[in-house]
Amino acid sequence: MAACRQCCAKSCLSNLGTRETGIIEKLLHSYGFIQCCERQARLFFHFSQFSGNIEHLKIGDPVEFEMTYDRRTGKPIASTVTKIAPEVVLSEERVTGNVTTELRTDGSAGDTQGRISYENRGECFFLPYTKDDVEGNVTLRAGDKVSFQIATNQRGNLGACHIRLENPAHPVKYQGVVCSMKESFGFIERADVVKEIFFHFSEAKSMKEELRLGDDVEFIIQTRNGKEVACNITRLPAGTVVFEDVGTEIVKGQVLKPLDRGQNARHQSDPLPGRIRYRAQDHSEVEVPFGDKDQKGDFTLRHGDWVQFKIATDRRDQLQRATNISLLEESFVVSGEKREQGVVASLKDGFGFLRCVEREPRLFFHFNEVLDVDCEIAVNDEFEFTVVQDQTSSFSNNRQSAIRMKRLPSATVKFETLQESNVMGVVCKESSSWINRSPTKSQNGTNGNGTEHTNDSGLISYQVNGVKKTVAFYLKDQRTTPRVGDKVEFNICQVKRTKELVASDVQIVQPAARTGNNGNQPTHQGFVAALKDGFGFIETIEHDREVFFHFSNFEGDPNTLELGQEVEYNLGSRGSSGSCSSAENVRILAKGTIELPTVTGEILDGVVVRPLRSVNPDQQEYSGLVKLGSEDSELEYEFGIMGLTNKRELLQVGDPVQLQVDSSGRAANIVAVRKKRRATVDAYKGPFGFLTYEVEEGKKLFFHISEVKDNAVLQVGDQVEFELVTNQRNGKSSACNVTKVRYLCDSDVQARPERLISRLRTISMEDTGPKLTVVRQPRGPDGSRGFTADVRKIRVAGALPE
């Protein structure tokens, strides 16, 4: 009440009718609340509206402000906030001095304040201090050396604050997490206050292994050149430092402010820009912030969405935020958004394309838009989704994408509606589909925007009540390959998108008689060399070329196909087109049907001088080529898909390998020899993730779940060992043979709050001033940063080493 009376008096003296006074009631990470003195109101204010250093503002301080209205929500807020009789820090740098009078709080006669002396320009000054001004819960004794900051109290008297004992016999130990690392220094996020502290790598020399991002550490704090630094750093067991407590109660709320997904998201300064409103147990409405790592997945949230979440409370400043956010089904009803259906047509690294029921072009989508983050996405999976303009696309402003993708049960999505079933007819025109087209000059059979090439339809003639009719059919929708004159049984369906009648489930009842070369086609054998979206390639038994085949010409389930499988096939009766022939009637053979050359001899070292054509379609030769020893060697051996130990290996020019030579003089049992690297998992979303290993500036290294060995379950913060592979065609790098070598923690508690990680990522250096670009990092003889004493050899004076 005294503070309120002081505020009112100050307001009268200022004679400003538009300004009000109040008391700081609550301070959070980037905003706070003011309790008005003149009326019963509690106003929000952002730190950007405070005139002065926000670090000097405390709960209970009297302030003066203007009441305005938020442009977005229309709610009253406080702006142009100023502090009444503020506490002004005169010296941002820390000052060192000595305790001259001890602080006495035992109730006996004596000073209730202590005294500290310090020297400035040859003069000695004495400053008072209280128990609240001492950090670390230590007792100061006369003669102790301390560091502190100078400030004025509300009466205008000088005093010492933030006092820390320097070089004590038993220094206070602090804990934190390594949050940023540069070439020779870094920063630690402290566990006691929301603050980072500088450290140099030399302060961690006692540890056998160098520090890494995310390590839990313990340290002491010293003052050097007026700045706080962390010293005597030791590593703690993973999971020791806990910044926040996550509640067990599941709360339901509504999104007031979603996260910005556009180009402006990169320049977002607030680490917790999102807002959710929920009703507390006392029936009051509460707003909590959230960041981009608080969702269960990285899907798009919209204003008004209903979500469920848990509340995390920071132990240091008691800031609460929403986390483990998941989207509720009722959001789609409330929003009234149009939902469409489709199936996954193709998958790439982190994205894919959908075949939609209501639109012709293939629809782009990111894996992070799938609401169920635990499910693995596969071709032919069915989804319900919303279509929007893709804001993240840099090459096209008109591309649409699918968001908020909900998985549907199998057989839910229907592209056609059944009109008639079990209709008999005769093929009068064949479908000219993929079987006579080589996709080597196109990307996955699609054009740049993901739409499928136009296929010429076949025709089936049939009779209805004596009237002859024809209906179209497409080879991509059939399991068999109908020929002209074949008697077939089929169903007639209407395509929902175009209302066109087409024949589906075409089954050959009686094949037409074949004449000429078509009646007796020779059978060939080979090996599956490549699998794409809807088609693949077969390596001939002579290993000299590949044969194209469409999945519609495969007798069986295409999902069972694997690289290296033995198959037999017939060449297309209509010849070939493009750079390779086409195969029909492709069948899997039992393993061992094709006799392979025996492999004997020692293991040799070599280097790839020519990859397979599946890796580089522009080359004329199909087979890859390996030279022994080095590229200057004259001994060289060709290899095909069966020469690779790992059939999924994409060997590039210059890759070192180990191999053996088979009885036919070809390379066999080829294994890539790549340098093992280590990093930590930065993000993990469904079937892919990213590692804290930068190949390009600002870009993390991609990896796919299929590359994780031993079916290990990875979490953010886990340390992994991997090999780096770069696709020479597009220049993109990825991690392969990922092995888990270190676990973050077995508990569910995160070692570092996501909001702090987000805040660090948004920090950028000043644009002004000269800049240096590091083109090569220093490395020691043992591969570490700098030189260590144990790798140096002691040399006797006057004697030269041999």
# chains A, B, ... in the order shown; residues from 1 in each chain; ligands from 1
call {"tool": "select_by_dssp", "arguments": {"residues": "region 557-665 of chain A", "states": "strand (DSSP E or B)", "output": "ChimeraX atom specification"}}
result
/A:566-571,577,580-588,599-610,624-628,636-639,644,656-662
call {"tool": "select_by_dssp", "arguments": {"residues": "region 19-235 of chain A", "states": "helix (DSSP H, G or I)", "output": "ChimeraX atom specification"}}
result
/A:47-49,54-56,131-133,201-204
call {"tool": "write_last_selection", "arguments": {"atoms": "N, CA and C atoms", "output": "compact mmCIF listing (two decimals), in the first residue's frame"}}
result
# COMPACT_ATOMS: atom_id res chain seq x y z
N PHE A 47 8.79 -6.23 -22.56
CA PHE A 47 10.03 -5.60 -22.13
C PHE A 47 10.49 -4.50 -23.09
N SER A 48 10.10 -4.61 -24.37
CA SER A 48 10.50 -3.58 -25.33
C SER A 48 9.86 -2.23 -25.02
N GLN A 49 8.80 -2.21 -24.17
CA GLN A 49 8.12 -0.97 -23.82
C GLN A 49 8.72 -0.31 -22.58
N ILE A 54 16.29 -3.49 -18.50
CA ILE A 54 15.25 -4.37 -17.92
C ILE A 54 15.80 -5.20 -16.77
N GLU A 55 17.13 -5.40 -16.73
CA GLU A 55 17.72 -6.19 -15.65
C GLU A 55 17.62 -5.47 -14.30
N HIS A 56 17.37 -4.17 -14.33
CA HIS A 56 17.27 -3.40 -13.10
C HIS A 56 15.84 -3.31 -12.59
N LYS A 131 22.62 -8.72 3.47
CA LYS A 131 22.70 -10.16 3.23
C LYS A 131 22.17 -10.52 1.85
N ASP A 132 21.14 -9.79 1.38
CA ASP A 132 20.54 -10.10 0.08
C ASP A 132 21.47 -9.76 -1.08
N ASP A 133 22.52 -8.96 -0.81
CA ASP A 133 23.44 -8.57 -1.88
C ASP A 133 24.54 -9.59 -2.12
N PHE A 201 38.29 -23.03 -23.58
CA PHE A 201 38.55 -24.47 -23.61
C PHE A 201 39.67 -24.88 -22.65
N SER A 202 40.56 -23.94 -22.34
CA SER A 202 41.66 -24.26 -21.44
C SER A 202 41.18 -24.57 -20.03
N GLU A 203 39.94 -24.18 -19.69
CA GLU A 203 39.40 -24.45 -18.37
C GLU A 203 38.85 -25.87 -18.24
N ALA A 204 38.91 -26.65 -19.33
CA ALA A 204 38.42 -28.03 -19.30
C ALA A 204 39.54 -29.00 -19.65
call {"tool": "closest_residue", "arguments": {"among": "A:Ala529, A:Val713, A:Cys493, A:Leu301", "to": "Leu418 (chain A)", "atoms": "only C-alpha atoms"}}
result
A:Cys493
call {"tool": "residues_around", "arguments": {"residues": "Cys375 (chain A)", "least_positions_apart": "5", "cutoff": "10 Å", "atoms": "only C-alpha atoms", "output": "PyMOL selection string"}}
result
chain A and resi 370+407+685-687
call {"tool": "residues_around", "arguments": {"residues": "Ser335 (chain A)", "least_positions_apart": "5", "cutoff": "12 Å", "atoms": "only C-alpha atoms", "output": "compact mmCIF listing (two decimals) with all heavy atoms, in the first residue's frame"}}
result
# COMPACT_ATOMS: atom_id res chain seq x y z
N GLN A 254 -6.84 -23.53 -26.19
CA GLN A 254 -7.06 -23.05 -27.55
C GLN A 254 -5.92 -22.12 -27.95
O GLN A 254 -5.48 -21.28 -27.16
CB GLN A 254 -8.40 -22.31 -27.64
CG GLN A 254 -8.93 -22.15 -29.05
CD GLN A 254 -10.38 -21.66 -29.07
OE1 GLN A 254 -10.86 -21.11 -28.08
NE2 GLN A 254 -11.06 -21.84 -30.18
N VAL A 255 -5.45 -22.28 -29.19
CA VAL A 255 -4.32 -21.49 -29.69
C VAL A 255 -4.78 -20.07 -29.97
O VAL A 255 -5.71 -19.84 -30.74
CB VAL A 255 -3.73 -22.12 -30.96
CG1 VAL A 255 -2.61 -21.25 -31.51
CG2 VAL A 255 -3.23 -23.52 -30.68
N LEU A 301 0.08 -25.20 -36.73
CA LEU A 301 -1.03 -24.83 -35.86
C LEU A 301 -1.65 -23.55 -36.37
O LEU A 301 -0.96 -22.67 -36.90
CB LEU A 301 -0.54 -24.65 -34.42
CG LEU A 301 -0.29 -25.91 -33.59
CD1 LEU A 301 0.23 -25.53 -32.21
CD2 LEU A 301 -1.53 -26.76 -33.46
N ARG A 302 -2.98 -23.41 -36.16
CA ARG A 302 -3.69 -22.22 -36.60
C ARG A 302 -4.41 -21.58 -35.42
O ARG A 302 -4.67 -22.24 -34.41
CB ARG A 302 -4.69 -22.58 -37.70
CG ARG A 302 -4.04 -22.91 -39.03
CD ARG A 302 -5.09 -23.26 -40.07
NE ARG A 302 -4.54 -23.25 -41.42
CZ ARG A 302 -5.26 -23.52 -42.50
NH1 ARG A 302 -6.55 -23.83 -42.39
NH2 ARG A 302 -4.71 -23.50 -43.70
N HIS A 303 -4.73 -20.31 -35.58
CA HIS A 303 -5.49 -19.59 -34.55
C HIS A 303 -6.85 -20.27 -34.33
O HIS A 303 -7.58 -20.54 -35.27
CB HIS A 303 -5.69 -18.14 -34.96
CG HIS A 303 -6.53 -17.35 -34.00
ND1 HIS A 303 -6.04 -16.88 -32.80
CD2 HIS A 303 -7.83 -16.96 -34.07
CE1 HIS A 303 -7.00 -16.24 -32.16
NE2 HIS A 303 -8.09 -16.26 -32.92
N GLY A 304 -7.15 -20.54 -33.09
CA GLY A 304 -8.43 -21.17 -32.75
C GLY A 304 -8.37 -22.67 -32.63
O GLY A 304 -9.38 -23.29 -32.25
N ASP A 305 -7.23 -23.29 -32.94
CA ASP A 305 -7.12 -24.74 -32.81
C ASP A 305 -7.25 -25.18 -31.35
O ASP A 305 -6.74 -24.52 -30.44
CB ASP A 305 -5.76 -25.22 -33.36
CG ASP A 305 -5.73 -25.30 -34.86
OD1 ASP A 305 -6.82 -25.28 -35.47
OD2 ASP A 305 -4.64 -25.38 -35.43
N TRP A 306 -7.92 -26.30 -31.15
CA TRP A 306 -7.99 -26.91 -29.83
C TRP A 306 -6.85 -27.91 -29.69
O TRP A 306 -6.65 -28.75 -30.56
CB TRP A 306 -9.34 -27.60 -29.61
CG TRP A 306 -10.46 -26.63 -29.36
CD1 TRP A 306 -11.35 -26.16 -30.25
CD2 TRP A 306 -10.76 -25.99 -28.12
NE1 TRP A 306 -12.21 -25.27 -29.67
CE2 TRP A 306 -11.88 -25.15 -28.34
CE3 TRP A 306 -10.21 -26.04 -26.84
CZ2 TRP A 306 -12.44 -24.37 -27.33
CZ3 TRP A 306 -10.78 -25.27 -25.83
CH2 TRP A 306 -11.88 -24.45 -26.08
N LEU A 328 -6.06 -31.59 -31.42
CA LEU A 328 -7.27 -32.36 -31.18
C LEU A 328 -8.14 -32.40 -32.44
O LEU A 328 -8.13 -31.47 -33.26
CB LEU A 328 -8.07 -31.78 -30.02
CG LEU A 328 -7.36 -31.81 -28.65
CD1 LEU A 328 -8.23 -31.14 -27.59
CD2 LEU A 328 -7.01 -33.23 -28.24
N GLU A 329 -8.91 -33.49 -32.56
CA GLU A 329 -9.74 -33.71 -33.75
C GLU A 329 -10.78 -32.61 -33.95
O GLU A 329 -11.11 -32.25 -35.08
CB GLU A 329 -10.43 -35.07 -33.63
CG GLU A 329 -11.17 -35.52 -34.87
CD GLU A 329 -10.23 -35.94 -35.98
OE1 GLU A 329 -9.08 -36.29 -35.68
OE2 GLU A 329 -10.66 -35.92 -37.15
N GLU A 330 -11.28 -32.05 -32.84
CA GLU A 330 -12.35 -31.05 -32.96
C GLU A 330 -11.87 -29.75 -33.60
O GLU A 330 -12.69 -28.91 -33.97
CB GLU A 330 -12.93 -30.76 -31.58
CG GLU A 330 -11.90 -30.28 -30.57
CD GLU A 330 -12.43 -30.30 -29.15
OE1 GLU A 330 -13.12 -29.33 -28.78
OE2 GLU A 330 -12.18 -31.29 -28.44
N THR A 386 -5.09 -30.75 -45.34
CA THR A 386 -5.54 -29.43 -45.78
C THR A 386 -4.53 -28.91 -46.79
O THR A 386 -3.32 -29.07 -46.60
CB THR A 386 -5.64 -28.47 -44.59
OG1 THR A 386 -6.55 -29.01 -43.63
CG2 THR A 386 -6.14 -27.10 -45.03
call {"tool": "closest_atom_pairs", "arguments": {"of": "region 228-328 of chain A", "to": "region 164-178 of chain A", "cutoff": "9 Å", "atoms": "only C-alpha atoms", "output": "Markdown table"}}
result
| residue | atom | partner | partner_atom | distance |
| --- | --- | --- | --- | --- |
| A:Ala230 | CA | A:Tyr174 | CA | 9.0 |
| A:Leu236 | CA | A:Gln175 | CA | 8.8 |
| A:Thr240 | CA | A:Gln175 | CA | 8.9 |
| A:Val241 | CA | A:Gly176 | CA | 6.3 |
| A:Val242 | CA | A:Gly176 | CA | 8.7 |
| A:Phe243 | CA | A:Gly176 | CA | 8.8 |
call {"tool": "write_last_selection", "arguments": {"atoms": "all heavy atoms", "output": "PDB file, in the first residue's frame"}}
result
ATOM      1  N   ALA A 230      33.561 -18.911 -16.409  1.00  0.00           N
ATOM      2  CA  ALA A 230      33.490 -20.227 -15.765  1.00  0.00           C
ATOM      3  C   ALA A 230      34.877 -20.853 -15.765  1.00  0.00           C
ATOM      4  O   ALA A 230      35.564 -20.869 -16.785  1.00  0.00           O
ATOM      5  CB  ALA A 230      32.496 -21.116 -16.493  1.00  0.00           C
ATOM      6  N   LEU A 236      29.609 -33.637 -15.795  1.00  0.00           N
ATOM      7  CA  LEU A 236      28.691 -34.370 -14.925  1.00  0.00           C
ATOM      8  C   LEU A 236      27.996 -35.460 -15.721  1.00  0.00           C
ATOM      9  O   LEU A 236      27.923 -35.391 -16.956  1.00  0.00           O
ATOM     10  CB  LEU A 236      27.649 -33.418 -14.335  1.00  0.00           C
ATOM     11  CG  LEU A 236      28.170 -32.300 -13.426  1.00  0.00           C
ATOM     12  CD1 LEU A 236      27.026 -31.359 -13.051  1.00  0.00           C
ATOM     13  CD2 LEU A 236      28.817 -32.865 -12.170  1.00  0.00           C
ATOM     14  N   THR A 240      22.106 -34.845 -15.219  1.00  0.00           N
ATOM     15  CA  THR A 240      22.255 -34.297 -13.865  1.00  0.00           C
ATOM     16  C   THR A 240      21.578 -32.936 -13.748  1.00  0.00           C
ATOM     17  O   THR A 240      20.877 -32.654 -12.782  1.00  0.00           O
ATOM     18  CB  THR A 240      23.748 -34.180 -13.506  1.00  0.00           C
ATOM     19  OG1 THR A 240      24.356 -35.466 -13.578  1.00  0.00           O
ATOM     20  CG2 THR A 240      23.918 -33.616 -12.108  1.00  0.00           C
ATOM     21  N   VAL A 241      21.810 -32.088 -14.738  1.00  0.00           N
ATOM     22  CA  VAL A 241      21.256 -30.736 -14.707  1.00  0.00           C
ATOM     23  C   VAL A 241      19.844 -30.755 -15.279  1.00  0.00           C
ATOM     24  O   VAL A 241      19.634 -31.187 -16.411  1.00  0.00           O
ATOM     25  CB  VAL A 241      22.144 -29.764 -15.508  1.00  0.00           C
ATOM     26  CG1 VAL A 241      21.561 -28.355 -15.458  1.00  0.00           C
ATOM     27  CG2 VAL A 241      23.554 -29.772 -14.959  1.00  0.00           C
ATOM     28  N   VAL A 242      18.902 -30.307 -14.492  1.00  0.00           N
ATOM     29  CA  VAL A 242      17.500 -30.247 -14.919  1.00  0.00           C
ATOM     30  C   VAL A 242      17.030 -28.814 -14.784  1.00  0.00           C
ATOM     31  O   VAL A 242      17.105 -28.222 -13.700  1.00  0.00           O
ATOM     32  CB  VAL A 242      16.609 -31.187 -14.082  1.00  0.00           C
ATOM     33  CG1 VAL A 242      15.163 -31.094 -14.540  1.00  0.00           C
ATOM     34  CG2 VAL A 242      17.116 -32.616 -14.182  1.00  0.00           C
ATOM     35  N   PHE A 243      16.557 -28.239 -15.859  1.00  0.00           N
ATOM     36  CA  PHE A 243      16.143 -26.850 -15.854  1.00  0.00           C
ATOM     37  C   PHE A 243      14.668 -26.669 -15.515  1.00  0.00           C
ATOM     38  O   PHE A 243      14.275 -25.619 -15.014  1.00  0.00           O
ATOM     39  CB  PHE A 243      16.397 -26.216 -17.235  1.00  0.00           C
ATOM     40  CG  PHE A 243      17.846 -25.999 -17.538  1.00  0.00           C
ATOM     41  CD1 PHE A 243      18.591 -26.981 -18.144  1.00  0.00           C
ATOM     42  CD2 PHE A 243      18.468 -24.800 -17.213  1.00  0.00           C
ATOM     43  CE1 PHE A 243      19.925 -26.794 -18.435  1.00  0.00           C
ATOM     44  CE2 PHE A 243      19.800 -24.597 -17.507  1.00  0.00           C
ATOM     45  CZ  PHE A 243      20.540 -25.592 -18.113  1.00  0.00           C
TER      46      PHE A 243
END
